[in-house]
$ cat work.tsv   # TSV, C-alpha atoms
chain	number	residue	atom	x	y	z
A	1	MET	CA	222.26	82.05	135.77
A	2	LYS	CA	221.86	81.79	139.54
A	3	CYS	CA	225.16	83.62	139.98
A	4	LEU	CA	223.97	86.46	137.73
A	5	LEU	CA	220.70	86.76	139.62
A	6	PHE	CA	222.59	86.90	142.90
A	7	VAL	CA	224.86	89.70	141.60
A	8	VAL	CA	221.83	91.68	140.42
A	9	PHE	CA	220.16	91.14	143.81
A	10	VAL	CA	223.23	92.38	145.71
A	11	PHE	CA	223.59	95.39	143.40
A	12	ASN	CA	219.96	96.36	143.93
A	13	MET	CA	220.32	95.99	147.68
A	14	LEU	CA	223.43	98.17	147.79
A	15	SER	CA	221.82	100.76	145.52
A	16	GLY	CA	218.81	100.91	147.80
A	17	PHE	CA	220.97	101.44	150.87
A	18	SER	CA	222.92	104.23	149.15
A	19	GLN	CA	219.87	106.20	148.08
A	20	GLN	CA	218.84	109.12	150.21
A	21	LYS	CA	215.18	109.19	151.04
A	22	MET	CA	213.39	112.38	151.96
A	23	THR	CA	210.11	111.93	153.82
A	24	PRO	CA	207.28	114.18	155.05
A	25	PHE	CA	207.55	114.84	158.78
A	26	LEU	CA	204.59	114.93	161.17
A	27	GLU	CA	202.31	114.76	158.16
A	28	ASP	CA	199.00	114.38	160.02
A	29	ILE	CA	199.82	117.28	162.34
A	30	VAL	CA	201.33	119.56	159.71
A	31	LYS	CA	198.35	119.21	157.35
A	32	GLN	CA	196.08	120.73	159.99
A	33	PHE	CA	197.63	124.15	159.26
A	34	PRO	CA	197.80	126.17	156.02
A	35	ASN	CA	201.58	126.60	156.31
A	36	VAL	CA	204.11	125.11	158.73
A	37	ARG	CA	207.80	126.00	158.95
A	38	ASP	CA	211.02	126.20	161.09
A	39	ILE	CA	210.99	123.21	163.40
A	40	ALA	CA	212.87	122.99	166.73
A	41	ILE	CA	213.34	119.75	168.67
A	42	SER	CA	214.21	119.80	172.36
A	43	PRO	CA	217.56	118.24	173.42
A	44	ASN	CA	215.84	115.23	175.00
A	45	GLY	CA	213.61	114.75	171.93
A	46	SER	CA	210.35	114.95	173.87
A	47	GLU	CA	209.17	118.36	172.61
A	48	ILE	CA	208.79	119.89	169.19
A	49	MET	CA	207.94	123.47	168.32
A	50	PHE	CA	207.19	124.88	164.89
A	51	SER	CA	205.59	127.94	163.34
A	52	ALA	CA	202.07	127.70	161.95
A	53	GLN	CA	201.08	130.45	159.53
A	54	SER	CA	198.08	131.67	157.59
A	55	THR	CA	197.79	131.05	153.86
A	56	MET	CA	199.16	134.52	153.08
A	57	GLY	CA	201.78	134.36	155.82
A	58	ASN	CA	200.49	137.44	157.66
A	59	LEU	CA	199.57	135.54	160.84
A	60	SER	CA	202.10	133.35	162.64
A	61	ALA	CA	202.17	131.53	165.97
A	62	ILE	CA	204.47	128.98	167.58
A	63	ILE	CA	202.91	125.56	168.10
A	64	THR	CA	204.08	122.99	170.63
A	65	ILE	CA	203.64	119.21	170.85
A	66	ARG	CA	204.99	116.71	173.38
A	67	LYS	CA	205.81	113.04	173.08
A	68	ASN	CA	203.83	110.70	175.33
A	69	ARG	CA	204.49	106.96	175.09
A	70	ASN	CA	206.03	107.31	171.62
A	71	ALA	CA	203.04	109.31	170.32
A	72	TRP	CA	202.86	113.04	169.77
A	73	SER	CA	200.21	115.05	171.59
A	74	LYS	CA	197.64	117.23	169.89
A	75	PRO	CA	199.17	120.55	168.81
A	76	LYS	CA	198.52	123.64	170.89
A	77	VAL	CA	199.70	127.22	170.78
A	78	ALA	CA	202.75	127.73	173.00
A	79	SER	CA	201.94	129.55	176.24
A	80	PHE	CA	203.95	132.63	175.20
A	81	SER	CA	202.62	132.87	171.64
A	82	GLY	CA	199.34	133.39	169.80
A	83	GLN	CA	198.89	137.16	170.09
A	84	PHE	CA	201.77	138.57	168.03
A	85	PHE	CA	203.71	137.47	164.96
A	86	ASP	CA	206.08	134.79	166.33
A	87	LEU	CA	208.23	132.27	164.49
A	88	GLU	CA	211.62	130.46	164.31
A	89	PRO	CA	212.00	128.79	167.73
A	90	PHE	CA	215.31	127.30	168.94
A	91	PHE	CA	215.94	125.40	172.19
A	92	SER	CA	219.03	126.06	174.29
A	93	HIS	CA	221.20	122.96	174.75
A	94	ASP	CA	219.83	122.32	178.24
A	95	GLY	CA	216.24	122.80	177.08
A	96	LEU	CA	215.60	125.50	179.68
A	97	LYS	CA	215.51	128.43	177.25
A	98	LEU	CA	213.75	128.89	173.96
A	99	TYR	CA	214.72	131.65	171.56
A	100	PHE	CA	212.43	132.91	168.80
A	101	ALA	CA	211.85	135.84	166.44
A	102	SER	CA	208.92	138.20	166.88
A	103	THR	CA	207.57	141.61	165.92
A	104	ARG	CA	205.85	141.98	169.31
A	105	PRO	CA	206.13	145.45	170.91
A	106	LEU	CA	208.79	146.02	173.55
A	107	ASN	CA	206.13	147.39	175.90
A	108	ASN	CA	203.74	144.68	177.06
A	109	SER	CA	200.88	147.17	177.10
A	110	GLY	CA	201.54	148.23	173.51
A	111	LYS	CA	199.84	146.93	170.40
A	112	THR	CA	201.96	148.39	167.61
A	113	PRO	CA	204.38	145.81	166.18
A	114	LYS	CA	208.04	146.70	165.68
A	115	ASP	CA	210.76	145.26	163.47
A	116	PHE	CA	211.82	141.64	164.05
A	117	ASP	CA	213.82	141.05	167.24
A	118	ILE	CA	215.01	137.88	168.90
A	119	TRP	CA	213.26	137.07	172.17
A	120	PHE	CA	213.49	134.25	174.67
A	121	VAL	CA	211.48	132.46	177.32
A	122	GLU	CA	212.91	130.32	180.12
A	123	ARG	CA	211.86	127.73	182.69
A	124	SER	CA	213.38	126.26	185.85
A	125	THR	CA	212.86	122.59	184.89
A	126	LEU	CA	211.87	120.73	181.73
A	127	GLN	CA	208.37	120.28	183.16
A	128	SER	CA	207.91	123.90	184.30
A	129	GLU	CA	205.85	126.52	182.50
A	130	TRP	CA	207.63	129.01	180.26
A	131	SER	CA	208.22	132.54	181.54
A	132	GLN	CA	206.92	135.66	179.88
A	133	PRO	CA	208.94	136.56	176.75
A	134	LYS	CA	212.05	138.72	177.23
A	135	ASN	CA	213.76	140.74	174.52
A	136	MET	CA	217.45	139.79	174.06
A	137	GLY	CA	218.37	143.44	173.71
A	138	SER	CA	221.84	144.65	172.75
A	139	PRO	CA	224.13	143.53	171.22
A	140	ILE	CA	221.89	141.07	169.35
A	141	ASN	CA	218.88	143.27	168.59
A	142	THR	CA	219.20	146.58	166.76
A	143	GLU	CA	217.01	148.96	164.80
A	144	TYR	CA	217.24	146.41	161.98
A	145	GLY	CA	215.53	143.04	161.70
A	146	GLU	CA	217.02	140.01	163.47
A	147	PHE	CA	215.81	136.47	162.76
A	148	TYR	CA	216.42	132.72	163.09
A	149	PRO	CA	218.45	132.13	166.26
A	150	SER	CA	220.80	129.14	166.51
A	151	MET	CA	223.34	128.45	169.24
A	152	ALA	CA	226.52	126.36	169.43
A	153	SER	CA	227.35	124.31	172.53
A	154	ASN	CA	229.92	126.91	173.60
A	155	GLY	CA	227.26	129.63	173.63
A	156	ASN	CA	228.21	131.33	170.36
A	157	PHE	CA	224.99	132.77	168.97
A	158	TYR	CA	224.21	132.75	165.23
A	159	PHE	CA	221.35	134.65	163.58
A	160	THR	CA	220.22	136.53	160.47
A	161	ARG	CA	220.22	140.31	160.29
A	162	ASP	CA	218.83	142.68	157.68
A	163	ASN	CA	221.15	145.72	157.70
A	164	PRO	CA	220.33	147.99	154.73
A	165	THR	CA	223.29	150.27	155.50
A	166	LEU	CA	225.60	147.54	154.13
A	167	LYS	CA	223.84	147.78	150.74
A	168	ARG	CA	223.34	144.01	150.82
A	169	LYS	CA	220.42	141.75	151.52
A	170	ASP	CA	220.13	139.54	154.64
A	171	ASP	CA	223.41	138.24	156.11
A	172	ILE	CA	224.31	135.66	158.76
A	173	TYR	CA	226.06	136.91	161.91
A	174	VAL	CA	227.69	135.36	164.96
A	175	SER	CA	227.97	136.79	168.46
A	176	ALA	CA	230.79	135.06	170.35
A	177	TYR	CA	230.09	134.05	173.95
A	178	VAL	CA	233.06	135.41	175.92
A	179	ASN	CA	233.40	135.50	179.72
A	180	GLY	CA	229.72	134.84	180.21
A	181	ARG	CA	228.49	137.51	177.80
A	182	LEU	CA	227.61	137.78	174.12
A	183	SER	CA	230.01	140.06	172.24
A	184	ALA	CA	229.25	142.45	169.39
A	185	PRO	CA	227.99	140.37	166.44
A	186	LYS	CA	230.21	139.95	163.39
A	187	VAL	CA	229.06	139.15	159.89
A	188	LEU	CA	230.32	135.78	158.63
A	189	SER	CA	232.83	135.71	155.78
A	190	ASP	CA	232.05	135.82	152.08
A	191	ALA	CA	232.50	132.06	151.99
A	192	ILE	CA	228.93	132.15	153.32
A	193	ASN	CA	227.51	135.65	152.84
A	194	SER	CA	227.15	137.59	149.59
A	195	ASP	CA	225.35	140.61	148.16
A	196	GLY	CA	222.22	138.46	147.97
A	197	TYR	CA	220.03	136.83	150.62
A	198	GLU	CA	221.60	134.44	153.16
A	199	TYR	CA	219.33	133.42	156.02
A	200	ASN	CA	217.97	130.65	158.29
A	201	ALA	CA	221.31	129.30	159.52
A	202	PHE	CA	221.59	126.17	161.68
A	203	ILE	CA	224.96	125.87	163.41
A	204	ALA	CA	226.27	122.43	164.39
A	205	PRO	CA	226.70	122.24	168.18
A	206	ASP	CA	230.48	121.88	167.75
A	207	GLU	CA	230.52	124.57	164.98
A	208	SER	CA	231.95	122.04	162.52
A	209	TYR	CA	229.42	123.05	159.86
A	210	ILE	CA	226.63	125.50	159.16
A	211	ILE	CA	223.57	124.86	156.97
A	212	TYR	CA	221.66	127.87	155.72
A	213	GLY	CA	219.40	129.23	153.00
A	214	CYS	CA	220.26	131.27	149.91
A	215	TYR	CA	217.73	132.90	147.62
A	216	ASN	CA	218.11	132.67	143.82
A	217	LYS	CA	221.83	131.99	144.07
A	218	LYS	CA	223.62	131.35	140.77
A	219	GLY	CA	223.89	127.62	140.16
A	220	GLY	CA	220.98	126.82	142.46
A	221	PHE	CA	217.83	124.86	141.62
A	222	GLY	CA	215.50	127.86	141.81
A	223	SER	CA	214.02	130.08	144.51
A	224	GLY	CA	215.57	129.23	147.90
A	225	ASP	CA	218.15	126.44	148.33
A	226	LEU	CA	219.98	124.99	151.31
A	227	TYR	CA	223.78	125.22	151.40
A	228	ILE	CA	226.47	123.90	153.73
A	229	SER	CA	229.85	125.30	154.77
A	230	HIS	CA	232.42	123.43	156.85
A	231	ASN	CA	234.63	125.00	159.50
A	232	ASN	CA	238.32	124.31	158.90
A	233	ASN	CA	240.24	125.35	162.02
A	234	GLY	CA	238.23	128.54	162.40
A	235	THR	CA	237.92	129.32	158.68
A	236	TRP	CA	234.63	128.81	156.90
A	237	MET	CA	235.10	126.96	153.62
A	238	PRO	CA	233.21	127.99	150.45
A	239	SER	CA	229.66	126.74	150.74
A	240	LYS	CA	228.16	123.97	148.63
A	241	ASN	CA	224.60	123.39	147.50
A	242	LEU	CA	223.05	120.36	149.24
A	243	GLY	CA	221.91	119.04	145.88
A	244	SER	CA	218.69	117.88	144.28
A	245	THR	CA	217.95	115.24	146.92
A	246	VAL	CA	217.21	118.07	149.35
A	247	ASN	CA	216.60	121.12	147.19
A	248	SER	CA	213.78	121.58	144.69
A	249	THR	CA	212.82	124.23	142.15
A	250	LYS	CA	210.66	125.82	144.87
A	251	MET	CA	211.53	127.42	148.23
A	252	ASP	CA	213.61	125.16	150.51
A	253	TYR	CA	214.57	126.74	153.83
A	254	CYS	CA	214.60	126.64	157.67
A	255	PRO	CA	217.09	123.81	158.37
A	256	PHE	CA	217.39	122.05	161.73
A	257	VAL	CA	219.61	119.04	162.48
A	258	ASP	CA	218.92	116.52	165.22
A	259	THR	CA	222.54	115.58	165.87
A	260	LYS	CA	221.55	112.56	168.00
A	261	THR	CA	219.98	110.87	164.96
A	262	ASN	CA	221.86	112.84	162.27
A	263	THR	CA	218.56	113.86	160.72
A	264	LEU	CA	218.10	117.05	158.74
A	265	PHE	CA	214.68	118.66	159.04
A	266	PHE	CA	213.71	121.53	156.76
A	267	THR	CA	210.79	123.41	155.24
A	268	SER	CA	209.88	123.20	151.57
A	269	LYS	CA	207.24	124.63	149.27
A	270	ARG	CA	207.84	121.91	146.67
A	271	ASP	CA	204.83	121.21	144.47
A	272	HIS	CA	204.04	117.83	142.92
A	273	THR	CA	200.45	118.68	142.10
A	274	LYS	CA	199.32	116.74	139.06
A	275	THR	CA	197.74	118.89	136.36
A	276	ASP	CA	197.40	116.55	133.37
A	277	PHE	CA	194.51	114.06	133.44
A	278	GLU	CA	192.97	111.65	130.93
A	279	LYS	CA	189.42	112.35	132.13
A	280	PRO	CA	187.58	114.88	134.30
A	281	LEU	CA	188.10	114.62	138.06
A	282	THR	CA	185.39	114.15	140.62
A	283	VAL	CA	185.19	116.55	143.56
A	284	GLY	CA	186.81	113.93	145.77
A	285	GLN	CA	189.68	113.39	143.34
A	286	LEU	CA	190.13	117.13	143.00
A	287	LEU	CA	190.27	117.61	146.76
A	288	ASN	CA	192.77	114.77	147.09
A	289	GLU	CA	195.03	116.53	144.62
A	290	PHE	CA	194.56	119.89	146.37
A	291	ASN	CA	195.32	118.40	149.77
A	292	LYS	CA	198.31	116.23	148.96
A	293	TYR	CA	201.35	116.98	151.11
A	294	GLU	CA	203.61	118.25	148.30
A	295	ASN	CA	201.16	120.87	147.03
A	296	GLY	CA	203.23	124.06	147.20
A	297	LEU	CA	202.37	125.01	150.78
A	298	SER	CA	205.11	125.18	153.43
A	299	ARG	CA	205.60	121.66	154.77
A	300	LEU	CA	208.17	119.86	156.95
A	301	TYR	CA	210.49	117.17	155.60
A	302	SER	CA	213.29	115.03	157.01
A	303	ILE	CA	216.28	113.16	155.61
A	304	SER	CA	219.38	111.41	156.98
A	305	ILE	CA	222.34	113.76	156.90
A	306	ASP	CA	225.12	111.15	157.08
A	307	LYS	CA	225.69	110.89	153.35
A	308	ILE	CA	225.13	114.62	152.86
A	309	LEU	CA	227.96	115.42	155.31
A	310	LYS	CA	230.30	112.94	153.63
A	311	GLU	CA	229.60	114.22	150.12
A	312	ASN	CA	229.78	117.91	150.99

$ encode --input "work.tsv" --output "structure tokens"
Amino acid sequence: MKCLLFVVFVFNMLSGFSQQKMTPFLEDIVKQFPNVRDIAISPNGSEIMFSAQSTMGNLSAIITIRKNRNAWSKPKVASFSGQFFDLEPFFSHDGLKLYFASTRPLNNSGKTPKDFDIWFVERSTLQSEWSQPKNMGSPINTEYGEFYPSMASNGNFYFTRDNPTLKRKDDIYVSAYVNGRLSAPKVLSDAINSDGYEYNAFIAPDESYIIYGCYNKKGGFGSGDLYISHNNNGTWMPSKNLGSTVNSTKMDYCPFVDTKTNTLFFTSKRDHTKTDFEKPLTVGQLLNEFNKYENGLSRLYSISIDKILKEN
């Protein structure tokens, strides 16, 4: 009997270790805003930026927090944001540049927004103030919309572009960094892109894999799902859905991987609001249900990526 109990105990322990656990990230900070999405963590792990948006998504600003003695500071609007529609930040690998998407006008004195372009700010040291935003210009930005910057360690620059002349939806592009300059962007292969929507791509620093979003793709769990494609000697392999541990029946998007801890961060609109009750709720109970983290609003989540990389 003791032997049987020991076997059951060991089995339960091993099963627990093998299970992937997804957890809310920065819950107390995130819940201060109607919607939060697209996180970026600085290379040294001491800064986080994310986009905070209105309930309807028509107002968006980039928020910054800093770590001080293992605690995160109160959120504040980044020095370069708060006036125009800004989102999707990404730190350079030295932490001295930050790229982001914005509809801000090219002319600082203008007020009329334009299509989405990728912009950047820079600083001389990690403690310095950010510069004024600068438009990346050609060859990255065009008359079409460009979104969601992500950069490999070698400088290759990945992003989403909406080019209606291709008679497709959004596609993921890469601009190779050659001789100190970004070359003309090329659309990634059909192992990743399709006639539908592909967007929000995070490239591994060594370009060994790419994680990105697809909308209503056949075989998915519903709405937007996260997919992964591995790089095999320069050839992208057919992408795979990250599965039900990560993806839900709602919108799952905006991946970011902290490669130092092998943690995947992403945004989800998953909804676990309870709607069936045995008796009427009080106002307090109703508000608790409204305000729970998994209530259909855009929220940040994290999960270890070790097993995900092995299984996909």

$ closest_residue --input "work.tsv" --among "A:Asp306, A:Glu294, A:Glu207, A:Asp225" --to "Ser244 (chain A)" --atoms "only C-alpha atoms"
A:Asp225

$ closest_residue --input "work.tsv" --among "A:Thr261, A:Ser223, A:Thr245, A:Gln127" --to "Tyr197 (chain A)" --atoms "only C-alpha atoms"
A:Ser223

$ atom_distance --input "work.tsv" --atom1 "CA of Ser42 (chain A)" --atom2 "CA of Val174 (chain A)"
21.9 Å

$ atom_distance --input "work.tsv" --atom1 "CA of Arg123 (chain A)" --atom2 "CA of Leu96 (chain A)"
5.3 Å

$ residues_around --input "work.tsv" --residues "region 89-92 of chain A" --least-positions-apart "4" --cutoff "6 Å" --atoms "only C-alpha atoms" --output "list in words"
Ala40, Ser42, Lys97, Leu98, Tyr99 and Phe100 of chain A

$ write_last_selection --input "work.tsv" --atoms "C-alpha atoms" --output "tab-separated table (two decimals), in the frame of the given file"
chain	number	residue	atom	x	y	z
A	40	ALA	CA	212.87	122.99	166.73
A	42	SER	CA	214.21	119.80	172.36
A	97	LYS	CA	215.51	128.43	177.25
A	98	LEU	CA	213.75	128.89	173.96
A	99	TYR	CA	214.72	131.65	171.56
A	100	PHE	CA	212.43	132.91	168.80

$ residues_around --input "work.tsv" --residues "Tyr158 (chain A)" --least-positions-apart "2" --cutoff "6 Å" --atoms "all atoms listed in the file" --output "PDB file with C-alpha atoms, keeping the file's coordinate frame"
ATOM      1  CA  PRO A 149     218.450 132.130 166.260  1.00  0.00           C
ATOM      2  CA  SER A 150     220.800 129.140 166.510  1.00  0.00           C
ATOM      3  CA  MET A 151     223.340 128.450 169.240  1.00  0.00           C
ATOM      4  CA  TYR A 173     226.060 136.910 161.910  1.00  0.00           C
ATOM      5  CA  VAL A 174     227.690 135.360 164.960  1.00  0.00           C
TER       6      VAL A 174
END

$ atom_distance --input "work.tsv" --atom1 "CA of Asp271 (chain A)" --atom2 "CA of Met56 (chain A)"
16.8 Å

$ closest_residue --input "work.tsv" --among "A:Asn295, A:Ser153, A:Ser189, A:Asn163" --to "Pro43 (chain A)" --atoms "all atoms listed in the file"
A:Ser153

$ closest_residue --input "work.tsv" --among "A:Ile303, A:Ser79, A:Ala101, A:Phe84" --to "Ser131 (chain A)" --atoms "only C-alpha atoms"
A:Ser79

$ closest_residue --input "work.tsv" --among "A:Asn156, A:Asn200, A:Thr249, A:Asn291" --to "Arg37 (chain A)" --atoms "all atoms listed in the file"
A:Asn200

$ residues_around --input "work.tsv" --residues "Ile48 (chain A)" --least-positions-apart "6" --cutoff "8 Å" --atoms "all atoms listed in the file" --output "ChimeraX atom specification"
/A:39-42,64-66

$ closest_residue --input "work.tsv" --among "A:Leu286, A:Leu166, A:Ala71, A:Met237" --to "Asn312 (chain A)" --atoms "all atoms listed in the file"
A:Met237

$ residues_around --input "work.tsv" --residues "Ser102 (chain A)" --least-positions-apart "2" --cutoff "9 Å" --atoms "all atoms listed in the file" --output "list of chain:residue names"
A:Phe84, A:Phe85, A:Asp86, A:Leu87, A:Glu88, A:Phe100, A:Arg104, A:Pro105, A:Pro113, A:Lys114, A:Asp115, A:Phe116, A:Asp117, A:Ile118, A:Trp119, A:Glu146, A:Phe147

$ residues_around --input "work.tsv" --residues "Ser183 (chain A)" --least-positions-apart "4" --cutoff "9 Å" --atoms "only C-alpha atoms" --output "list in words"
Pro139, Ile140, Val174, Ser175, Ala176, Tyr177 and Val178 of chain A

$ residues_near_point --input "work.tsv" --point "(236.4, 128.5, 155.8)" --cutoff "10 Å" --atoms "only C-alpha atoms" --output "number ranges by chain"
A: 188-192, 209, 229-239

$ residues_near_point --input "work.tsv" --point "(222.8, 131.6, 158.7)" --cutoff "6 Å" --atoms "all atoms listed in the file" --output "ChimeraX atom specification"
/A:159-160,172,199-201,212
